[in-house]
$ cat entry_30.cif   # mmCIF, C-alpha atoms and all ligand atoms; chains and numbers go by the auth columns
data_upload
loop_
_atom_site.group_PDB
_atom_site.id
_atom_site.type_symbol
_atom_site.label_atom_id
_atom_site.label_comp_id
_atom_site.label_asym_id
_atom_site.label_seq_id
_atom_site.Cartn_x
_atom_site.Cartn_y
_atom_site.Cartn_z
_atom_site.B_iso_or_equiv
_atom_site.auth_seq_id
_atom_site.auth_asym_id
ATOM 1 C CA MET A 1 71.628 21.942 22.964 0.00 429 M
ATOM 2 C CA ILE A 2 71.549 18.220 22.349 0.00 430 M
ATOM 3 C CA ARG A 3 71.951 16.719 18.901 0.00 431 M
ATOM 4 C CA ILE A 4 69.132 14.336 18.037 0.00 432 M
ATOM 5 C CA GLY A 5 69.229 11.549 15.449 0.00 433 M
ATOM 6 C CA VAL A 6 65.890 10.160 14.286 0.00 434 M
ATOM 7 C CA LEU A 7 65.354 6.696 12.791 0.00 435 M
ATOM 8 C CA ALA A 8 62.170 6.366 10.751 0.00 436 M
ATOM 9 C CA SER A 9 60.766 3.875 8.263 0.00 437 M
ATOM 10 C CA GLY A 10 57.648 5.624 7.031 0.00 438 M
ATOM 11 C CA ARG A 11 55.478 8.693 6.969 0.00 439 M
ATOM 12 C CA GLY A 12 57.393 10.514 9.695 0.00 440 M
ATOM 13 C CA SER A 13 54.628 12.434 11.446 0.00 441 M
ATOM 14 C CA ASN A 14 56.367 11.905 14.789 0.00 442 M
ATOM 15 C CA LEU A 15 59.601 13.119 13.230 0.00 443 M
ATOM 16 C CA GLN A 16 57.676 16.217 12.141 0.00 444 M
ATOM 17 C CA ALA A 17 56.443 16.771 15.703 0.00 445 M
ATOM 18 C CA LEU A 18 60.061 16.644 16.908 0.00 446 M
ATOM 19 C CA LEU A 19 61.267 18.953 14.119 0.00 447 M
ATOM 20 C CA ASP A 20 58.521 21.442 14.979 0.00 448 M
ATOM 21 C CA ALA A 21 59.244 21.323 18.712 0.00 449 M
ATOM 22 C CA CYS A 22 62.968 21.916 18.110 0.00 450 M
ATOM 23 C CA GLY A 23 62.225 24.656 15.583 0.00 451 M
ATOM 24 C CA GLU A 24 59.933 26.439 18.013 0.00 452 M
ATOM 25 C CA GLY A 25 62.456 26.185 20.841 0.00 453 M
ATOM 26 C CA ARG A 26 60.327 23.836 22.933 0.00 454 M
ATOM 27 C CA ILE A 27 63.191 21.316 22.983 0.00 455 M
ATOM 28 C CA ASP A 28 66.704 22.465 23.838 0.00 456 M
ATOM 29 C CA GLY A 29 68.116 20.524 20.925 0.00 457 M
ATOM 30 C CA GLU A 30 68.152 20.044 17.183 0.00 458 M
ATOM 31 C CA VAL A 31 67.397 17.153 14.875 0.00 459 M
ATOM 32 C CA ALA A 32 70.793 16.775 13.231 0.00 460 M
ATOM 33 C CA VAL A 33 70.199 13.694 11.081 0.00 461 M
ATOM 34 C CA VAL A 34 67.364 11.429 9.942 0.00 462 M
ATOM 35 C CA LEU A 35 68.195 7.841 8.980 0.00 463 M
ATOM 36 C CA SER A 36 65.876 5.429 7.243 0.00 464 M
ATOM 37 C CA ASP A 37 65.920 1.803 6.177 0.00 465 M
ATOM 38 C CA LYS A 38 63.461 2.667 3.371 0.00 466 M
ATOM 39 C CA ALA A 39 64.568 4.699 0.374 0.00 467 M
ATOM 40 C CA ASP A 40 61.085 6.106 -0.192 0.00 468 M
ATOM 41 C CA ALA A 41 60.210 6.914 3.423 0.00 469 M
ATOM 42 C CA TYR A 42 58.378 10.241 3.501 0.00 470 M
ATOM 43 C CA ALA A 43 60.327 10.933 6.707 0.00 471 M
ATOM 44 C CA LEU A 44 63.423 11.509 4.527 0.00 472 M
ATOM 45 C CA GLU A 45 61.527 14.087 2.505 0.00 473 M
ATOM 46 C CA ARG A 46 60.405 15.865 5.683 0.00 474 M
ATOM 47 C CA ALA A 47 64.019 15.995 6.830 0.00 475 M
ATOM 48 C CA ARG A 48 65.166 17.499 3.504 0.00 476 M
ATOM 49 C CA GLN A 49 62.405 20.088 3.655 0.00 477 M
ATOM 50 C CA ALA A 50 63.588 21.068 7.128 0.00 478 M
ATOM 51 C CA GLY A 51 67.200 21.321 5.950 0.00 479 M
ATOM 52 C CA VAL A 52 68.228 18.271 7.965 0.00 480 M
ATOM 53 C CA ALA A 53 70.604 15.593 6.641 0.00 481 M
ATOM 54 C CA ALA A 54 68.523 12.688 5.328 0.00 482 M
ATOM 55 C CA ILE A 55 70.288 9.367 4.871 0.00 483 M
ATOM 56 C CA PHE A 56 68.964 6.102 3.481 0.00 484 M
ATOM 57 C CA LEU A 57 71.004 3.139 4.693 0.00 485 M
ATOM 58 C CA ASP A 58 70.025 0.054 2.717 0.00 486 M
ATOM 59 C CA PRO A 59 69.864 -3.030 4.984 0.00 487 M
ATOM 60 C CA ALA A 60 70.360 -5.254 1.916 0.00 488 M
ATOM 61 C CA THR A 61 73.877 -3.930 1.367 0.00 489 M
ATOM 62 C CA TYR A 62 75.157 -4.971 4.807 0.00 490 M
ATOM 63 C CA GLY A 63 76.137 -8.477 5.871 0.00 491 M
ATOM 64 C CA GLY A 64 73.322 -9.070 8.317 0.00 492 M
ATOM 65 C CA ARG A 65 71.557 -7.278 11.149 0.00 493 M
ATOM 66 C CA ASN A 66 74.565 -6.682 13.376 0.00 494 M
ATOM 67 C CA ALA A 67 76.561 -5.144 10.549 0.00 495 M
ATOM 68 C CA TYR A 68 73.592 -2.933 9.682 0.00 496 M
ATOM 69 C CA ASN A 69 73.212 -1.797 13.284 0.00 497 M
ATOM 70 C CA MET A 70 76.938 -1.117 13.437 0.00 498 M
ATOM 71 C CA ALA A 71 76.620 1.097 10.355 0.00 499 M
ATOM 72 C CA LEU A 72 73.717 2.990 11.952 0.00 500 M
ATOM 73 C CA ALA A 73 75.757 3.493 15.135 0.00 501 M
ATOM 74 C CA GLU A 74 78.786 4.714 13.190 0.00 502 M
ATOM 75 C CA THR A 75 76.699 7.154 11.166 0.00 503 M
ATOM 76 C CA LEU A 76 75.150 8.574 14.331 0.00 504 M
ATOM 77 C CA LYS A 77 78.478 8.781 16.169 0.00 505 M
ATOM 78 C CA ALA A 78 80.136 10.455 13.185 0.00 506 M
ATOM 79 C CA ARG A 79 77.567 13.230 13.534 0.00 507 M
ATOM 80 C CA ALA A 80 78.036 13.512 17.308 0.00 508 M
ATOM 81 C CA ILE A 81 74.451 12.510 18.038 0.00 509 M
ATOM 82 C CA ASP A 82 73.545 12.588 21.757 0.00 510 M
ATOM 83 C CA LEU A 83 70.040 11.103 21.665 0.00 511 M
ATOM 84 C CA VAL A 84 68.497 8.645 19.211 0.00 512 M
ATOM 85 C CA CYS A 85 64.734 8.812 18.692 0.00 513 M
ATOM 86 C CA LEU A 86 62.962 5.938 16.989 0.00 514 M
ATOM 87 C CA ALA A 87 59.936 7.351 15.206 0.00 515 M
ATOM 88 C CA GLY A 88 58.064 4.656 13.342 0.00 516 M
ATOM 89 C CA TYR A 89 61.301 2.714 12.825 0.00 517 M
ATOM 90 C CA MET A 90 60.018 -0.753 12.068 0.00 518 M
ATOM 91 C CA ARG A 91 63.087 -2.873 12.809 0.00 519 M
ATOM 92 C CA ILE A 92 64.361 -4.344 16.034 0.00 520 M
ATOM 93 C CA VAL A 93 67.384 -2.458 17.317 0.00 521 M
ATOM 94 C CA ARG A 94 70.362 -4.784 17.788 0.00 522 M
ATOM 95 C CA LYS A 95 73.254 -4.761 20.239 0.00 523 M
ATOM 96 C CA PRO A 96 75.832 -2.748 18.271 0.00 524 M
ATOM 97 C CA LEU A 97 73.448 0.208 18.141 0.00 525 M
ATOM 98 C CA LEU A 98 72.032 -0.274 21.656 0.00 526 M
ATOM 99 C CA GLU A 99 75.504 -0.410 23.149 0.00 527 M
ATOM 100 C CA ALA A 100 76.489 2.777 21.339 0.00 528 M
ATOM 101 C CA TYR A 101 73.572 4.657 22.965 0.00 529 M
ATOM 102 C CA PRO A 102 72.839 3.116 26.384 0.00 530 M
ATOM 103 C CA GLY A 103 70.103 5.105 28.127 0.00 531 M
ATOM 104 C CA ARG A 104 70.136 7.519 25.204 0.00 532 M
ATOM 105 C CA MET A 105 67.572 5.989 22.864 0.00 533 M
ATOM 106 C CA LEU A 106 63.812 6.598 22.978 0.00 534 M
ATOM 107 C CA ASN A 107 60.904 5.012 21.120 0.00 535 M
ATOM 108 C CA ILE A 108 57.243 5.872 20.679 0.00 536 M
ATOM 109 C CA HIS A 109 54.812 2.957 20.574 0.00 537 M
ATOM 110 C CA PRO A 110 51.065 3.190 19.863 0.00 538 M
ATOM 111 C CA SER A 111 49.798 1.276 22.897 0.00 539 M
ATOM 112 C CA LEU A 112 49.767 1.535 26.651 0.00 540 M
ATOM 113 C CA LEU A 113 52.755 -0.754 27.216 0.00 541 M
ATOM 114 C CA PRO A 114 53.239 -3.421 28.421 0.00 542 M
ATOM 115 C CA ALA A 115 49.965 -4.172 26.617 0.00 543 M
ATOM 116 C CA PHE A 116 50.225 -4.873 22.887 0.00 544 M
ATOM 117 C CA PRO A 117 53.932 -4.687 22.035 0.00 545 M
ATOM 118 C CA GLY A 118 55.068 -5.390 18.491 0.00 546 M
ATOM 119 C CA LEU A 119 53.315 -4.821 15.212 0.00 547 M
ATOM 120 C CA ASP A 120 49.763 -3.502 14.684 0.00 548 M
ATOM 121 C CA ALA A 121 49.327 -2.398 18.282 0.00 549 M
ATOM 122 C CA GLN A 122 46.112 -0.492 17.567 0.00 550 M
ATOM 123 C CA ALA A 123 44.563 -3.535 15.838 0.00 551 M
ATOM 124 C CA GLN A 124 45.630 -5.686 18.777 0.00 552 M
ATOM 125 C CA ALA A 125 43.914 -3.263 21.172 0.00 553 M
ATOM 126 C CA LEU A 126 40.683 -3.279 19.146 0.00 554 M
ATOM 127 C CA ALA A 127 40.691 -7.066 18.829 0.00 555 M
ATOM 128 C CA HIS A 128 41.201 -7.423 22.566 0.00 556 M
ATOM 129 C CA GLY A 129 38.251 -5.147 23.286 0.00 557 M
ATOM 130 C CA VAL A 130 40.018 -2.717 25.610 0.00 558 M
ATOM 131 C CA LYS A 131 38.081 0.440 26.492 0.00 559 M
ATOM 132 C CA VAL A 132 41.171 2.612 26.852 0.00 560 M
ATOM 133 C CA ALA A 133 44.113 2.691 24.440 0.00 561 M
ATOM 134 C CA GLY A 134 47.022 5.080 24.052 0.00 562 M
ATOM 135 C CA CYS A 135 50.716 5.495 23.466 0.00 563 M
ATOM 136 C CA THR A 136 53.997 5.173 25.321 0.00 564 M
ATOM 137 C CA VAL A 137 57.405 6.826 25.099 0.00 565 M
ATOM 138 C CA HIS A 138 60.050 4.502 26.538 0.00 566 M
ATOM 139 C CA PHE A 139 63.786 3.992 26.665 0.00 567 M
ATOM 140 C CA VAL A 140 64.931 1.346 24.219 0.00 568 M
ATOM 141 C CA THR A 141 66.430 -1.813 25.654 0.00 569 M
ATOM 142 C CA GLU A 142 67.089 -5.237 24.156 0.00 570 M
ATOM 143 C CA GLY A 143 63.569 -6.606 24.634 0.00 571 M
ATOM 144 C CA MET A 144 61.100 -5.294 22.073 0.00 572 M
ATOM 145 C CA ASP A 145 58.970 -2.405 23.437 0.00 573 M
ATOM 146 C CA GLU A 146 60.123 -3.343 26.938 0.00 574 M
ATOM 147 C CA GLY A 147 62.294 -0.510 28.242 0.00 575 M
ATOM 148 C CA PRO A 148 61.584 1.909 31.113 0.00 576 M
ATOM 149 C CA ILE A 149 58.521 4.065 30.482 0.00 577 M
ATOM 150 C CA VAL A 150 59.025 7.822 30.267 0.00 578 M
ATOM 151 C CA MET A 151 55.523 8.992 29.455 0.00 579 M
ATOM 152 C CA GLN A 152 52.103 7.641 28.455 0.00 580 M
ATOM 153 C CA ALA A 153 48.823 9.104 27.252 0.00 581 M
ATOM 154 C CA ALA A 154 45.438 7.401 27.151 0.00 582 M
ATOM 155 C CA VAL A 155 42.527 7.793 24.737 0.00 583 M
ATOM 156 C CA PRO A 156 39.075 6.175 24.834 0.00 584 M
ATOM 157 C CA VAL A 157 38.177 3.353 22.458 0.00 585 M
ATOM 158 C CA LEU A 158 34.769 4.077 20.908 0.00 586 M
ATOM 159 C CA GLU A 159 32.236 1.467 19.851 0.00 587 M
ATOM 160 C CA ASP A 160 32.449 2.356 16.182 0.00 588 M
ATOM 161 C CA ASP A 161 36.223 2.652 16.062 0.00 589 M
ATOM 162 C CA THR A 162 38.189 1.183 13.183 0.00 590 M
ATOM 163 C CA VAL A 163 41.953 0.675 13.243 0.00 591 M
ATOM 164 C CA ALA A 164 42.223 3.918 11.267 0.00 592 M
ATOM 165 C CA SER A 165 40.043 6.023 13.581 0.00 593 M
ATOM 166 C CA LEU A 166 41.680 4.681 16.736 0.00 594 M
ATOM 167 C CA SER A 167 45.176 5.146 15.261 0.00 595 M
ATOM 168 C CA GLU A 168 44.346 8.748 14.408 0.00 596 M
ATOM 169 C CA ARG A 169 43.156 9.482 17.960 0.00 597 M
ATOM 170 C CA ILE A 170 46.296 7.888 19.411 0.00 598 M
ATOM 171 C CA LEU A 171 48.531 9.764 16.954 0.00 599 M
ATOM 172 C CA VAL A 172 47.360 13.135 18.271 0.00 600 M
ATOM 173 C CA GLU A 173 48.659 12.093 21.687 0.00 601 M
ATOM 174 C CA GLU A 174 51.899 10.688 20.205 0.00 602 M
ATOM 175 C CA HIS A 175 52.644 14.088 18.705 0.00 603 M
ATOM 176 C CA ARG A 176 52.068 15.684 22.107 0.00 604 M
ATOM 177 C CA ILE A 177 54.020 13.350 24.403 0.00 605 M
ATOM 178 C CA TYR A 178 57.027 12.498 22.221 0.00 606 M
ATOM 179 C CA PRO A 179 58.321 16.078 22.019 0.00 607 M
ATOM 180 C CA GLU A 180 57.509 16.526 25.712 0.00 608 M
ATOM 181 C CA ALA A 181 59.561 13.436 26.663 0.00 609 M
ATOM 182 C CA VAL A 182 62.462 14.604 24.481 0.00 610 M
ATOM 183 C CA ARG A 183 62.238 18.060 26.047 0.00 611 M
ATOM 184 C CA LEU A 184 62.640 16.490 29.501 0.00 612 M
ATOM 185 C CA PHE A 185 65.567 14.352 28.337 0.00 613 M
ATOM 186 C CA ALA A 186 67.249 17.350 26.708 0.00 614 M
ATOM 187 C CA SER A 187 66.934 19.432 29.850 0.00 615 M
ATOM 188 C CA GLY A 188 68.505 16.646 31.916 0.00 616 M
ATOM 189 C CA GLN A 189 65.370 16.098 33.965 0.00 617 M
ATOM 190 C CA LEU A 190 64.956 12.341 33.477 0.00 618 M
ATOM 191 C CA ARG A 191 66.427 9.999 36.054 0.00 619 M
ATOM 192 C CA LEU A 192 66.333 6.193 35.956 0.00 620 M
ATOM 193 C CA GLU A 193 65.708 4.219 39.146 0.00 621 M
ATOM 194 C CA GLY A 194 65.454 0.563 38.173 0.00 622 M
ATOM 195 C CA ARG A 195 62.615 0.394 35.683 0.00 623 M
ATOM 196 C CA ARG A 196 61.145 3.681 36.849 0.00 624 M
ATOM 197 C CA VAL A 197 61.820 6.976 35.139 0.00 625 M
ATOM 198 C CA LEU A 198 61.666 9.805 37.660 0.00 626 M
ATOM 199 C CA GLY A 199 61.911 13.549 37.506 0.00 627 M
ATOM 200 C CA LEU A 200 58.872 14.276 35.412 0.00 628 M
ATOM 201 C CA TYR A 201 57.166 16.631 37.828 0.00 629 M
HETATM 202 C C1 LIG B . 53.339 5.650 14.933 0.00 701 M
HETATM 203 O O1 LIG B . 52.014 5.367 15.286 0.00 701 M
HETATM 204 C C2 LIG B . 54.294 4.969 15.907 0.00 701 M
HETATM 205 O O2 LIG B . 53.828 4.964 17.226 0.00 701 M
HETATM 206 C C3 LIG B . 54.331 3.576 15.336 0.00 701 M
HETATM 207 O O3 LIG B . 54.367 3.750 13.946 0.00 701 M
HETATM 208 C C4 LIG B . 53.709 4.977 13.614 0.00 701 M
HETATM 209 C C5 LIG B . 54.654 5.813 12.801 0.00 701 M
HETATM 210 O O4 LIG B . 54.018 6.957 12.315 0.00 701 M
HETATM 211 N N1 LIG B . 55.454 2.844 15.813 0.00 701 M
HETATM 212 C C6 LIG B . 55.440 1.535 16.054 0.00 701 M
HETATM 213 O O5 LIG B . 54.465 0.831 15.862 0.00 701 M
HETATM 214 C C7 LIG B . 56.744 0.976 16.583 0.00 701 M
HETATM 215 N N2 LIG B . 56.553 -0.346 17.093 0.00 701 M
HETATM 216 P P1 LIG B . 54.869 8.170 11.783 0.00 701 M
HETATM 217 O O6 LIG B . 55.838 7.601 10.746 0.00 701 M
HETATM 218 O O7 LIG B . 53.856 9.078 11.136 0.00 701 M
HETATM 219 O O8 LIG B . 55.576 8.809 12.944 0.00 701 M
#

$ encode --input "entry_30.cif" --output "structure tokens"
Amino acid sequence: MIRIGVLASGRGSNLQALLDACGEGRIDGEVAVVLSDKADAYALERARQAGVAAIFLDPATYGGRNAYNMALAETLKARAIDLVCLAGYMRIVRKPLLEAYPGRMLNIHPSLLPAFPGLDAQAQALAHGVKVAGCTVHFVTEGMDEGPIVMQAAVPVLEDDTVASLSERILVEEHRIYPEAVRLFASGQLRLEGRRVLGLY
């Protein structure tokens, strides 16, 4: 059973998908702590409702980004976390945290990377006029949304799509592939070969 720490800044629907998958035994692991940089993140409330430790760490009370990332790393290490899952965590992860969890941090991003990294990925996809959009689970490395890709899912872009309707269609797939990727990690099935993640099938 691996111990999972989730970092979330907002609504936490991906956190919920992970909580559900652990609760139903689909992942051989448990969400042991949820950390947020926002005091009012609904993700913290979801954690409390699931009986999981919910911790708000205020970035304003630390002396800069590195100190904040060090505090995140220490909090996760203190709880013996094996895998860190970013789930709508809207800050760039810095070295002190990355180096504490090399190859043990995943992120979900609402685009088919390497297309449309960064903020407002679904709006970027619509503005670009792509016909297929989707989401990506990847290992976190120093470059934003750049790490080795574990899993992706595609959805069509429809002519009358808005950012909201496209985001909703992508979100359904996020909730499917994030727990699946974590399940594979937890069962030791993922293997890195350069940029490629093998062992999925
Ligand atoms: C999700 O769509 C996730 O892919 C995205 O934020 C949303 C969070 O929703 N993440 C990013 O854009 C990261 N660059 P949630 O709080 O309901 O899981």

$ resolve_selection --input "entry_30.cif" --expression "the PyMOL selection byres (((not hetatm)) within 8 of (chain M and resi 701))" --output "number ranges by chain"
M: 436-444, 471, 514-518, 535-539, 545-549, 563, 573, 595, 598-599, 602

$ residues_around --input "entry_30.cif" --residues "Gln617 of chain M" --least-positions-apart "5" --cutoff "12 Å" --atoms "all atoms listed in the file" --output "PyMOL selection string"
chain M and resi 578+608-612+625-629

$ atom_distance --input "entry_30.cif" --atom1 "atom CA of Gly433 of chain M" --atom2 "atom CA of Phe544 of chain M"
26.2 Å

$ closest_residue --input "entry_30.cif" --among "M:Ala467, M:Leu526, M:Val461, M:Ile432" --to "Gly575 of chain M" --atoms "all atoms listed in the file"
M:Leu526

$ atom_distance --input "entry_30.cif" --atom1 "atom CA of Leu534 of chain M" --atom2 "atom CA of Val568 of chain M"
5.5 Å

$ resolve_selection --input "entry_30.cif" --expression "the PyMOL selection byres (((chain M and resi 601) around 9) and not hetatm)" --output "PyMOL selection string"
chain M and resi 562-563+580-583+597-600+602-606

$ atom_distance --input "entry_30.cif" --atom1 "atom CA of Asp465 of chain M" --atom2 "atom CA of Leu554 of chain M"
28.8 Å

$ residues_around --input "entry_30.cif" --residues "Leu586 of chain M" --least-positions-apart "2" --cutoff "12 Å" --atoms "all atoms listed in the file" --output "PDB file with C-alpha atoms, in the frame of the given file"
ATOM      1  CA  ALA M 553      43.914  -3.263  21.172  1.00  0.00           C
ATOM      2  CA  LEU M 554      40.683  -3.279  19.146  1.00  0.00           C
ATOM      3  CA  GLY M 557      38.251  -5.147  23.286  1.00  0.00           C
ATOM      4  CA  VAL M 558      40.018  -2.717  25.610  1.00  0.00           C
ATOM      5  CA  LYS M 559      38.081   0.440  26.492  1.00  0.00           C
ATOM      6  CA  VAL M 560      41.171   2.612  26.852  1.00  0.00           C
ATOM      7  CA  ALA M 561      44.113   2.691  24.440  1.00  0.00           C
ATOM      8  CA  VAL M 583      42.527   7.793  24.737  1.00  0.00           C
ATOM      9  CA  PRO M 584      39.075   6.175  24.834  1.00  0.00           C
ATOM     10  CA  ASP M 588      32.449   2.356  16.182  1.00  0.00           C
ATOM     11  CA  ASP M 589      36.223   2.652  16.062  1.00  0.00           C
ATOM     12  CA  THR M 590      38.189   1.183  13.183  1.00  0.00           C
ATOM     13  CA  VAL M 591      41.953   0.675  13.243  1.00  0.00           C
ATOM     14  CA  SER M 593      40.043   6.023  13.581  1.00  0.00           C
ATOM     15  CA  LEU M 594      41.680   4.681  16.736  1.00  0.00           C
ATOM     16  CA  SER M 595      45.176   5.146  15.261  1.00  0.00           C
ATOM     17  CA  ARG M 597      43.156   9.482  17.960  1.00  0.00           C
TER      18      ARG M 597
END

$ resolve_selection --input "entry_30.cif" --expression "the PyMOL selection byres (((chain M and resi 496) around 10) and not hetatm)" --output "PDB file with C-alpha atoms, in the coordinates of the input"
ATOM      1  CA  ASP M 465      65.920   1.803   6.177  1.00  0.00           C
ATOM      2  CA  LEU M 485      71.004   3.139   4.693  1.00  0.00           C
ATOM      3  CA  ASP M 486      70.025   0.054   2.717  1.00  0.00           C
ATOM      4  CA  PRO M 487      69.864  -3.030   4.984  1.00  0.00           C
ATOM      5  CA  ALA M 488      70.360  -5.254   1.916  1.00  0.00           C
ATOM      6  CA  THR M 489      73.877  -3.930   1.367  1.00  0.00           C
ATOM      7  CA  TYR M 490      75.157  -4.971   4.807  1.00  0.00           C
ATOM      8  CA  GLY M 491      76.137  -8.477   5.871  1.00  0.00           C
ATOM      9  CA  GLY M 492      73.322  -9.070   8.317  1.00  0.00           C
ATOM     10  CA  ARG M 493      71.557  -7.278  11.149  1.00  0.00           C
ATOM     11  CA  ASN M 494      74.565  -6.682  13.376  1.00  0.00           C
ATOM     12  CA  ALA M 495      76.561  -5.144  10.549  1.00  0.00           C
ATOM     13  CA  ASN M 497      73.212  -1.797  13.284  1.00  0.00           C
ATOM     14  CA  MET M 498      76.938  -1.117  13.437  1.00  0.00           C
ATOM     15  CA  ALA M 499      76.620   1.097  10.355  1.00  0.00           C
ATOM     16  CA  LEU M 500      73.717   2.990  11.952  1.00  0.00           C
ATOM     17  CA  ALA M 501      75.757   3.493  15.135  1.00  0.00           C
ATOM     18  CA  GLU M 502      78.786   4.714  13.190  1.00  0.00           C
ATOM     19  CA  VAL M 521      67.384  -2.458  17.317  1.00  0.00           C
ATOM     20  CA  ARG M 522      70.362  -4.784  17.788  1.00  0.00           C
ATOM     21  CA  PRO M 524      75.832  -2.748  18.271  1.00  0.00           C
ATOM     22  CA  LEU M 525      73.448   0.208  18.141  1.00  0.00           C
TER      23      LEU M 525
END

$ closest_residue --input "entry_30.cif" --among "M:Ala482, M:Arg476, M:Leu446, M:His556" --to "Val462 of chain M" --atoms "all atoms listed in the file"
M:Ala482

$ residues_around --input "entry_30.cif" --residues "Ala508 of chain M" --least-positions-apart "2" --cutoff "9 Å" --atoms "only C-alpha atoms" --output "list in words"
Arg431, Ile432, Ala460, Thr503, Leu504, Lys505, Ala506 and Asp510 of chain M

$ closest_residue --input "entry_30.cif" --among "M:Met533, M:Ala592, M:Asp468, M:Ala555" --to "Thr569 of chain M" --atoms "all atoms listed in the file"
M:Met533
